[in-house]
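Student: Got a structure for you, written out below as structure tokens; questions coming shortly.
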Amino acid sequence: MEYLIHKSIKIPLIGFGTYGLGLYDEITAEEENTVKAGIERFDMTLIDTAESYGNGASESFIGRIIKNYDRERFFIVDKILPENAFEDGFFTSCRKSIDRLGVDYIDLYLLHWREGLKLQSVVDGMENLVHSGMIKHWGVSNFDIDDMKELFDCENGDNCFCNQILYNISTRGAEYELIPWCKGHGVLVMAYSPLCHRCSDRLTVVENPLVKDIAALENKTSESLMLSFVIRDKDIVTVFKTSKKDRLFVNMQNVFSPITEEHYCALSQLFKSPQRRIKLKTI
Ligand SMILES: NC(=O)c1ccc[n+]([C@@H]2O[C@H](COP(=O)([O-])OP(=O)(O)OC[C@H]3O[C@@H](n4cnc5c(N)ncnc54)[C@H](OP(=O)(O)O)[C@@H]3O)[C@@H](O)[C@H]2O)c1
């Protein structure tokens, strides 16, 4: 694993996403083996989950796995639904998540999306959780540039640690303004769905002949090339999900070696970076 340092915290560049994991008994064992391989073989100790994933089932699934390891190894990211982000709701939701995960605290707690919430009350609720010791850091998800600016106008809004956003090789809208703004204001960008989330979208990339050629020349797979693309400057972290161990190895093949400038330019011809502001896409 390679890491970046953000606000003095060492954070893995690649973490495990858990959307859809731990929901079905018949495949849980395979999923568990995959996550364990991620931890043991690749040190994938950043784990991203949410109270909404299977109504807490994904948190419980992760809790059953991480109890076998030293808690301090992990950087656990969890998310609160906007509907629960009110005064007491912050404590109730966070307590339930902590209990399902079987930990004493969450490393990074995100507002899953804004849903028109007043941001000062979000900041206050998150700051209260930090002061209570239930979370170490707080952040947001799916916040576009105007939301970020409004957040930073709030008292303590600049304590926002991270904005988790949709960003991948074929969805590059955030490159124009949002990502530079976050970097310039000390907000970590965490890219979700780096493999394009949906099978059909992923196949559009991985089956492209140029992508295949570049991946082969870089000694990567098409999937690991997609991940390498997202973390290319080593100042963005990303979380992908797979339930299958063989795919984990496919995704991580030579993932940290930098893409050559020539290949980066060729990929950018294919998947263009926007030349104007585009509304942030979400899933
Ligand atoms: N904050 C938010 O609003 C938000 C939104 C979406 C996602 N997220 C987070 O980001 C994580 C990652 O995003 P994501 O799960 O949407 O999408 P992703 O990681 O881009 O792609 C996951 C999909 O790709 C498949 N896949 C992975 N590796 C593969 C391979 N080598 N070959 C073929 N298929 C492969 C997985 O299926 P298999 O499991 O069958 O391998 C899964 O269906 C989520 O799990 C979640 O933690 C956050």
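Note on naming: chains are A, B, ... as they come in the structure tokens, residues start from 1 per chain, ligands start from 1 in the order shown.
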Residues contacting ligand 1 - anything with an atom at most 7 Å away, using only C-alpha atoms and all ligand atoms - can you give me those as number ranges by chain?
Tutor: A: 16-20, 48-49, 112-113, 141-142, 164-166, 192-199, 223, 239-244, 247-248, 250-251, 282-283
Student: Produce a file of the selected residues containing C-alpha atoms, as a CSV table (one decimal), in the first residue's frame.
Tutor:
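Wrote it out as selection-v9.csv, contents follow:
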chain,number,residue,atom,x,y,z
A,16,PHE,CA,-12.3,-1.0,0.3
A,17,GLY,CA,-15.8,0.1,-0.5
A,18,THR,CA,-18.6,-1.9,1.0
A,19,TYR,CA,-21.7,-0.9,-0.9
A,20,GLY,CA,-23.6,-4.2,-1.3
A,48,ASP,CA,-15.7,2.8,3.6
A,49,THR,CA,-19.2,2.1,4.7
A,112,HIS,CA,-23.8,11.1,2.9
A,113,TRP,CA,-25.3,13.9,0.8
A,141,SER,CA,-19.9,13.6,0.4
A,142,ASN,CA,-21.4,14.6,-2.9
A,164,GLN,CA,-16.1,12.0,-1.0
A,165,ILE,CA,-17.2,12.4,-4.6
A,166,LEU,CA,-17.8,10.4,-7.8
A,192,TYR,CA,-15.8,6.8,-5.1
A,193,SER,CA,-16.8,4.4,-7.9
A,194,PRO,CA,-13.3,4.5,-9.5
A,195,LEU,CA,-14.3,1.4,-11.5
A,196,CYS,CA,-17.4,3.2,-12.8
A,197,HIS,CA,-19.8,1.5,-10.4
A,198,ARG,CA,-22.0,-0.1,-13.1
A,199,CYS,CA,-20.8,-3.1,-15.2
A,223,GLU,CA,-9.0,-2.1,-13.9
A,239,VAL,CA,-12.3,3.3,-2.6
A,240,PHE,CA,-13.4,0.4,-4.8
A,241,LYS,CA,-15.6,-2.5,-4.1
A,242,THR,CA,-15.3,-6.1,-5.2
A,243,SER,CA,-16.8,-9.2,-3.6
A,244,LYS,CA,-14.4,-11.5,-5.4
A,247,ARG,CA,-10.9,-9.5,-9.0
A,248,LEU,CA,-9.1,-7.9,-6.0
A,250,VAL,CA,-6.8,-7.9,-10.9
A,251,ASN,CA,-7.6,-4.5,-9.6
A,282,THR,CA,-23.6,11.5,-8.1
A,283,ILE,CA,-24.8,7.9,-7.8
Student: Could you name the residues that touch segment 81-90 of chain A at 8 Å or less, counting only C-alpha atoms, but leaving out those on the same chain fewer than 4 positions away, as a list in words?
Tutor: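 Everything that qualifies: Glu51, Ser52, Cys94, Leu111, His112, Trp113, Arg114, Glu115, Leu117, Ser121, Val122, Gly125, Met126 and Leu129 of chain A.
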Student: List the neighbours of Asn128 of chain A out to 9 Å using only C-alpha atoms; skip same-chain residues closer than 4 positions along the sequence, and give me the result as an MDAnalysis selection string.
Tutor: chainID A and resid 90:91 123:124 132:133
Student: Taking N, CA and C atoms for each residue, export the selection above as a compact mmCIF listing (two decimals), in the first residue's frame.
Tutor:
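What ended up in again20.txt:
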# COMPACT_ATOMS: atom_id res chain seq x y z
N PHE A 90 -27.69 12.80 15.20
CA PHE A 90 -26.26 12.58 15.01
C PHE A 90 -25.76 11.53 16.01
N PHE A 91 -26.14 11.72 17.28
CA PHE A 91 -25.64 10.80 18.32
C PHE A 91 -26.25 9.41 18.16
N VAL A 123 -22.44 21.16 10.71
CA VAL A 123 -21.11 21.36 11.29
C VAL A 123 -21.18 21.20 12.81
N ASP A 124 -22.20 21.82 13.43
CA ASP A 124 -22.31 21.74 14.90
C ASP A 124 -22.50 20.29 15.35
N SER A 132 -17.22 14.51 21.63
CA SER A 132 -17.66 13.37 22.46
C SER A 132 -16.70 12.19 22.33
N GLY A 133 -15.80 12.24 21.33
CA GLY A 133 -14.86 11.14 21.13
C GLY A 133 -15.41 10.02 20.24
Student: Looking at only C-alpha atoms, which of A:Lys272, A:Lys36, A:Arg95, A:His137 is the one that sits closest to Cys162 of chain A?
Tutor: A:His137
Student: Nearest to Ile5 of chain A among A:Lys136, A:Arg41, A:Lys67, A:Lys234, with distances taken over only C-alpha atoms: which residue is it?
Tutor: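 The shortest atom-to-atom distance to Ile5 of chain A comes from A:Lys234.
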